[in-house]
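Enquirer: Quick one: the structure is below, and I'll ask about it shortly.
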Amino acid sequence: MSLTRFPGFIDVHVHLREPGATNKEDFTSGSRAAVKGGFTYVLDMPNNPGAPTITPERLEEKIRLAGQKAICDVGFHYGTDGHNVNTFPTVWQNPYVYGLKAYCDHTTGELLIEDEMQLEHVFKAWNSEKPILVHGQGETLSTCIELAQTFARRLHVCHVATKEDVEVIREAKKKKQLVTAGITLHHLFLSPADVKRLGNFALVKPEIGGKEDQNILWEALQDGTIDLVESDHAPHTKKEKKRTSPPFGVPGLETTLGLLWKAVHEGKLEQADIIRLLYDNPKKIFNIPDQPATYIALDPKKPYVVGHDGYETKCGWSPFDGWELYGKAETVVLRGKTLVQAGRLV
Ligand code: DOR
Ligand code: ZN
């Protein structure tokens, strides 16, 4: 087996659920899933159920918990309900904070800003180099791009899913606006047939589009309109997913890298693209610090089957269960410490 070394990868969009829903994930299980998946740095989202990260106290609590429990580095995106703008200046100075997340369309959790005036207030108040991350599509996305332009804010568009949104982002980039975009692999890989077969287990926000959207998303990934890959790791229990109105989201930390190698295998991407999408661009866009003496090693051509050696995520399932992917992390070393050896967490 010939192993190739890569940098420890960065996932700028995960939901580790602690505090608030540690029955489905916590900093220990979520960071183990990250490391198993080849990531050594993850950025956690603020939509914790019942306890969204919208106050400096909650942020400090998360930093403390992650410091005690996580086996990789964890940074945070602060949240906003539109009423906490007075806390922004303390928060953006915090070195553990990498951005502000604004939920402008409905999804899991209670954070949602629908009022345009309130949104304007948020963009105006976040007077920081750190990006505003937006969950929003269509009209909402256009509004956010305009607001970012007006106030000269950096904007990162999360999980782009439609051809219309790709077009809007492409236009904004042409005008040299400070906008970047991310994409998930469930939006790229799950076909309409998969979505049908998986039912609630493929229910995510934004919704997974059809073949036409997917073709355009692949193009946008290849031509650089989309800057990075984010897992949007969103664990929910099987029990919750079986309900009539289940929560949105799928886990992704343990399959993102393998799916990207599958894309390389199929000639859709090149090895250099993986480094660009999971390391160079995330690092640059979110100003992620160096992790000295940190690397992963893998064989990009070696196949493995998702789920065959179980899951580290507490939710214990994947929409890609049984898929043949490639290039599982055989070795993960973080600051000189071996975390994965021969494909197993040590
Ligand atoms: O499907 C999703 N799940 N989309 C989101 O934006 C949130 C996430 C979650 O927290 O479960
Ligand atoms: Zn998310």
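Ordering of the structure tokens sets the chain letters (A, B, ...), residue numbers begin anew at 1 in every chain, and ligands are numbered from 1 in the order given.
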Would you list the contacts of Tyr279 in chain A as a list in words, taking every protein, DNA or RNA residue within 9 Å and counting only C-alpha atoms, but skipping same-chain residues closer than 4 positions in sequence?

Expert: Pro7, Gly8, Phe9, Ile10, Asp11, Leu228, Ile274, Ile275, Lys283 and Lys284 of chain A

Enquirer: Output N, CA, C and O atoms for every residue in the selection just made, as a PDB file, in the first residue's frame.

Expert:
```pdb
ATOM      1  N   PRO A   7      -2.300  17.612   4.109  1.00  0.00           N
ATOM      2  CA  PRO A   7      -2.474  18.372   5.352  1.00  0.00           C
ATOM      3  C   PRO A   7      -3.708  17.872   6.102  1.00  0.00           C
ATOM      4  O   PRO A   7      -4.583  17.245   5.508  1.00  0.00           O
ATOM      5  N   GLY A   8      -3.791  18.112   7.390  1.00  0.00           N
ATOM      6  CA  GLY A   8      -5.023  17.828   8.136  1.00  0.00           C
ATOM      7  C   GLY A   8      -6.116  18.687   7.523  1.00  0.00           C
ATOM      8  O   GLY A   8      -5.970  19.907   7.401  1.00  0.00           O
ATOM      9  N   PHE A   9      -7.218  18.074   7.093  1.00  0.00           N
ATOM     10  CA  PHE A   9      -8.242  18.843   6.386  1.00  0.00           C
ATOM     11  C   PHE A   9      -9.130  19.652   7.336  1.00  0.00           C
ATOM     12  O   PHE A   9      -9.157  19.408   8.537  1.00  0.00           O
ATOM     13  N   ILE A  10      -9.811  20.645   6.733  1.00  0.00           N
ATOM     14  CA  ILE A  10     -10.605  21.611   7.500  1.00  0.00           C
ATOM     15  C   ILE A  10     -12.056  21.531   7.047  1.00  0.00           C
ATOM     16  O   ILE A  10     -12.340  21.616   5.851  1.00  0.00           O
ATOM     17  N   ASP A  11     -12.980  21.366   7.984  1.00  0.00           N
ATOM     18  CA  ASP A  11     -14.410  21.393   7.661  1.00  0.00           C
ATOM     19  C   ASP A  11     -15.018  22.611   8.352  1.00  0.00           C
ATOM     20  O   ASP A  11     -15.094  22.669   9.582  1.00  0.00           O
ATOM     21  N   LEU A 228     -15.264  25.942  -1.699  1.00  0.00           N
ATOM     22  CA  LEU A 228     -14.864  24.899  -0.746  1.00  0.00           C
ATOM     23  C   LEU A 228     -15.969  23.871  -0.572  1.00  0.00           C
ATOM     24  O   LEU A 228     -17.120  24.089  -0.960  1.00  0.00           O
ATOM     25  N   ILE A 274      -8.894  18.533  -4.304  1.00  0.00           N
ATOM     26  CA  ILE A 274      -9.245  18.159  -2.925  1.00  0.00           C
ATOM     27  C   ILE A 274      -8.505  19.055  -1.934  1.00  0.00           C
ATOM     28  O   ILE A 274      -9.095  19.558  -0.972  1.00  0.00           O
ATOM     29  N   ILE A 275      -7.237  19.295  -2.208  1.00  0.00           N
ATOM     30  CA  ILE A 275      -6.446  20.148  -1.305  1.00  0.00           C
ATOM     31  C   ILE A 275      -6.968  21.590  -1.335  1.00  0.00           C
ATOM     32  O   ILE A 275      -7.081  22.249  -0.305  1.00  0.00           O
ATOM     33  N   LYS A 283      -8.853  27.500   4.705  1.00  0.00           N
ATOM     34  CA  LYS A 283      -7.848  28.159   5.546  1.00  0.00           C
ATOM     35  C   LYS A 283      -7.796  29.650   5.251  1.00  0.00           C
ATOM     36  O   LYS A 283      -7.778  30.486   6.153  1.00  0.00           O
ATOM     37  N   LYS A 284      -7.824  29.966   3.956  1.00  0.00           N
ATOM     38  CA  LYS A 284      -7.723  31.366   3.534  1.00  0.00           C
ATOM     39  C   LYS A 284      -9.006  32.135   3.889  1.00  0.00           C
ATOM     40  O   LYS A 284      -8.964  33.217   4.464  1.00  0.00           O
TER      41      LYS A 284
END
```

Enquirer: Do a neighbour search on range 318-333 of chain A at 9 Å with only C-alpha atoms, toss out local chain neighbours closer than 5 positions, and write the hits as a ChimeraX atom specification.

Expert: /A:3,5,8,35-40,186,190,194,198,201-202,250-252,254-255,257-262,265,293-308,311,338-345

Enquirer: Write a file of the selected residues as a CSV table (one decimal), in the first residue's frame, keeping C-alpha atoms.

Expert:
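Heads up, here's the output in selection24.csv:
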```csv
chain,number,residue,atom,x,y,z
A,3,LEU,CA,0.3,6.2,1.3
A,5,ARG,CA,0.5,12.6,2.8
A,8,GLY,CA,-5.0,17.8,8.1
A,35,VAL,CA,-10.6,12.8,12.7
A,36,LYS,CA,-11.7,9.4,11.3
A,37,GLY,CA,-12.8,11.4,8.3
A,38,GLY,CA,-9.4,13.0,7.8
A,39,PHE,CA,-10.2,16.4,9.4
A,40,THR,CA,-8.1,18.0,12.1
A,186,HIS,CA,-25.0,15.1,-0.4
A,190,LEU,CA,-27.4,11.8,-3.9
A,194,ASP,CA,-31.3,7.8,-3.7
A,198,LEU,CA,-33.8,7.2,1.6
A,201,PHE,CA,-32.9,10.0,5.8
A,202,ALA,CA,-32.2,12.3,2.8
A,250,VAL,CA,-27.5,14.1,7.5
A,251,PRO,CA,-24.2,13.3,9.0
A,252,GLY,CA,-21.2,13.9,6.7
A,254,GLU,CA,-17.0,10.4,7.8
A,255,THR,CA,-17.9,10.3,4.1
A,257,LEU,CA,-13.3,12.9,1.9
A,258,GLY,CA,-14.1,9.4,0.5
A,259,LEU,CA,-16.7,10.9,-1.8
A,260,LEU,CA,-14.2,13.4,-3.1
A,261,TRP,CA,-11.8,10.6,-3.9
A,262,LYS,CA,-14.7,8.9,-5.6
A,265,HIS,CA,-11.7,8.2,-9.4
A,293,ALA,CA,3.4,18.7,12.8
A,294,THR,CA,-0.1,17.8,11.5
A,295,TYR,CA,-0.9,15.6,8.5
A,296,ILE,CA,-2.9,12.7,7.3
A,297,ALA,CA,-1.9,9.9,5.1
A,298,LEU,CA,-4.0,7.7,2.8
A,299,ASP,CA,-4.1,5.7,-0.4
A,300,PRO,CA,-6.3,7.6,-2.9
A,301,LYS,CA,-6.9,4.4,-4.9
A,302,LYS,CA,-7.8,2.1,-2.0
A,303,PRO,CA,-11.6,1.3,-1.9
A,304,TYR,CA,-13.6,0.9,1.3
A,305,VAL,CA,-17.3,0.5,2.1
A,306,VAL,CA,-19.1,3.1,4.2
A,307,GLY,CA,-20.3,1.6,7.5
A,308,HIS,CA,-18.3,-1.6,7.3
A,311,TYR,CA,-19.5,4.9,12.6
A,338,THR,CA,-0.9,10.0,16.3
A,339,LEU,CA,-4.8,9.9,16.4
A,340,VAL,CA,-5.4,7.4,13.7
A,341,GLN,CA,-3.1,4.5,12.9
A,342,ALA,CA,-3.7,1.8,10.3
A,343,GLY,CA,-7.2,3.3,9.7
A,344,ARG,CA,-8.2,3.1,13.4
A,345,LEU,CA,-8.6,5.7,16.0
```

Enquirer: Check every protein, DNA and RNA residue against ligand 1, keep those with an atom at most 9 Å away (counting only C-alpha atoms and all ligand atoms), and present them as a VMD selection string.

Expert: chain A and resid 14 to 17 45 to 49 103 105 to 109 135 158 to 159 202 to 207 232 to 236 247 to 251

Enquirer: Would you save the residues from that selection as a compact mmCIF listing (two decimals), in the first residue's frame, using C-alpha atoms?

Expert:
```
# COMPACT_ATOMS: atom_id res chain seq x y z
CA VAL A 14 -20.41 21.04 11.28
CA HIS A 15 -23.12 20.68 13.91
CA LEU A 16 -21.61 18.95 16.93
CA ARG A 17 -24.81 19.41 19.00
CA MET A 45 -22.43 25.93 14.00
CA PRO A 46 -24.53 27.87 16.55
CA ASN A 47 -28.02 26.34 16.13
CA ASN A 48 -27.87 24.17 19.25
CA PRO A 49 -31.39 23.08 20.16
CA TYR A 103 -30.17 31.66 9.22
CA ASP A 105 -34.43 30.39 5.62
CA HIS A 106 -36.10 27.80 7.76
CA THR A 107 -34.08 24.77 8.95
CA THR A 108 -33.32 22.71 12.09
CA GLY A 109 -33.29 24.84 15.26
CA HIS A 135 -28.18 30.00 5.08
CA CYS A 158 -23.36 27.88 2.81
CA HIS A 159 -24.38 24.70 0.99
CA ALA A 202 -32.16 12.28 2.82
CA LEU A 203 -34.27 15.15 4.13
CA VAL A 204 -31.98 18.17 4.44
CA LYS A 205 -32.05 21.93 4.11
CA PRO A 206 -31.56 23.15 1.50
CA GLU A 207 -33.34 20.35 -0.35
CA ASP A 232 -22.80 20.28 6.99
CA HIS A 233 -22.45 17.28 9.33
CA ALA A 234 -25.94 17.33 10.88
CA PRO A 235 -26.51 14.20 12.98
CA HIS A 236 -30.04 13.23 14.03
CA PRO A 247 -35.54 17.13 11.61
CA PHE A 248 -33.50 18.16 8.56
CA GLY A 249 -29.91 17.02 8.14
CA VAL A 250 -27.55 14.14 7.47
CA PRO A 251 -24.15 13.27 8.99
```

Enquirer: Which one of A:Glu266, A:Asn200, A:Leu43, A:Asn86 sits closest to ligand 2 if you count only C-alpha atoms and all ligand atoms?

Expert: A:Leu43

Enquirer: Could you give me the residues within range 180-311 of chain A that DSSP places in strand (DSSP E), as a list in words?

Expert: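 DSSP on the backbone gives strand (DSSP E) at Thr180, Ala181, Gly182, Ile183, Leu228, Val229, Tyr295, Ile296, Ala297, Leu298, Pro303, Tyr304 and Val305 of chain A.
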
Enquirer: Of the candidates A:Pro292, A:Gly136, A:Pro95, A:Pro131, which shows the shortest atom-to-atom distance to ligand 2, using only C-alpha atoms and all ligand atoms?

Expert: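 For ligand 2, the nearest of the given residues is A:Gly136.
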
Enquirer: DSSP on the backbone, alpha helix (DSSP H) only: what residues of range 283-328 of chain A does that give? Format it as a ChimeraX atom specification.

Expert: /A:283-286

Enquirer: Residues at most 6 Å from range 214-220 of chain A, counting only C-alpha atoms, excluding those fewer than 3 positions away in the same chain, as a list of chain:residue names?

Expert: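 Contacts, with the query itself left out: A:Lys163, A:Leu188, A:Lys211, A:Asp223, A:Thr225, A:Ile226.
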
Enquirer: Please write the residues from the selection above to a file, keeping all heavy atoms, as a PDB file, in the first residue's frame.

Expert:
```
ATOM      1  N   LYS A 163     -29.178  25.786  -9.319  1.00  0.00           N
ATOM      2  CA  LYS A 163     -28.485  26.452 -10.424  1.00  0.00           C
ATOM      3  C   LYS A 163     -28.693  27.961 -10.362  1.00  0.00           C
ATOM      4  O   LYS A 163     -27.800  28.730 -10.693  1.00  0.00           O
ATOM      5  CB  LYS A 163     -28.908  25.867 -11.776  1.00  0.00           C
ATOM      6  CG  LYS A 163     -30.356  25.958 -12.167  1.00  0.00           C
ATOM      7  CD  LYS A 163     -30.503  25.322 -13.556  1.00  0.00           C
ATOM      8  CE  LYS A 163     -31.803  25.542 -14.269  1.00  0.00           C
ATOM      9  NZ  LYS A 163     -33.063  25.470 -13.562  1.00  0.00           N
ATOM     10  N   LEU A 188     -24.228  16.961  -4.072  1.00  0.00           N
ATOM     11  CA  LEU A 188     -23.560  16.566  -5.319  1.00  0.00           C
ATOM     12  C   LEU A 188     -23.804  15.113  -5.708  1.00  0.00           C
ATOM     13  O   LEU A 188     -23.843  14.772  -6.877  1.00  0.00           O
ATOM     14  CB  LEU A 188     -22.045  16.784  -5.190  1.00  0.00           C
ATOM     15  CG  LEU A 188     -21.539  18.219  -5.251  1.00  0.00           C
ATOM     16  CD1 LEU A 188     -20.081  18.284  -4.818  1.00  0.00           C
ATOM     17  CD2 LEU A 188     -21.697  18.793  -6.665  1.00  0.00           C
ATOM     18  N   LYS A 211     -31.207  16.397 -11.283  1.00  0.00           N
ATOM     19  CA  LYS A 211     -29.995  16.180 -12.098  1.00  0.00           C
ATOM     20  C   LYS A 211     -29.449  17.484 -12.687  1.00  0.00           C
ATOM     21  O   LYS A 211     -28.254  17.718 -12.702  1.00  0.00           O
ATOM     22  CB  LYS A 211     -30.341  15.231 -13.247  1.00  0.00           C
ATOM     23  CG  LYS A 211     -29.799  13.870 -13.239  1.00  0.00           C
ATOM     24  CD  LYS A 211     -28.464  13.364 -13.318  1.00  0.00           C
ATOM     25  CE  LYS A 211     -27.227  13.100 -12.709  1.00  0.00           C
ATOM     26  NZ  LYS A 211     -26.786  13.099 -11.443  1.00  0.00           N
ATOM     27  N   ASP A 223     -15.110  24.950 -11.837  1.00  0.00           N
ATOM     28  CA  ASP A 223     -14.613  26.241 -12.366  1.00  0.00           C
ATOM     29  C   ASP A 223     -14.290  27.264 -11.273  1.00  0.00           C
ATOM     30  O   ASP A 223     -13.917  28.395 -11.563  1.00  0.00           O
ATOM     31  CB  ASP A 223     -15.593  26.812 -13.413  1.00  0.00           C
ATOM     32  CG  ASP A 223     -16.884  27.370 -12.812  1.00  0.00           C
ATOM     33  OD1 ASP A 223     -16.946  27.598 -11.582  1.00  0.00           O
ATOM     34  OD2 ASP A 223     -17.843  27.589 -13.564  1.00  0.00           O
ATOM     35  N   THR A 225     -16.335  28.653  -9.021  1.00  0.00           N
ATOM     36  CA  THR A 225     -17.437  29.480  -8.506  1.00  0.00           C
ATOM     37  C   THR A 225     -17.732  29.057  -7.071  1.00  0.00           C
ATOM     38  O   THR A 225     -18.011  29.887  -6.202  1.00  0.00           O
ATOM     39  CB  THR A 225     -18.706  29.294  -9.373  1.00  0.00           C
ATOM     40  OG1 THR A 225     -18.366  29.597 -10.724  1.00  0.00           O
ATOM     41  CG2 THR A 225     -19.836  30.193  -8.907  1.00  0.00           C
ATOM     42  N   ILE A 226     -17.623  27.758  -6.833  1.00  0.00           N
ATOM     43  CA  ILE A 226     -17.726  27.241  -5.467  1.00  0.00           C
ATOM     44  C   ILE A 226     -16.314  27.065  -4.935  1.00  0.00           C
ATOM     45  O   ILE A 226     -15.461  26.470  -5.589  1.00  0.00           O
ATOM     46  CB  ILE A 226     -18.545  25.941  -5.441  1.00  0.00           C
ATOM     47  CG1 ILE A 226     -20.020  26.324  -5.657  1.00  0.00           C
ATOM     48  CG2 ILE A 226     -18.361  25.199  -4.122  1.00  0.00           C
ATOM     49  CD1 ILE A 226     -20.935  25.208  -5.944  1.00  0.00           C
TER      50      ILE A 226
END
```
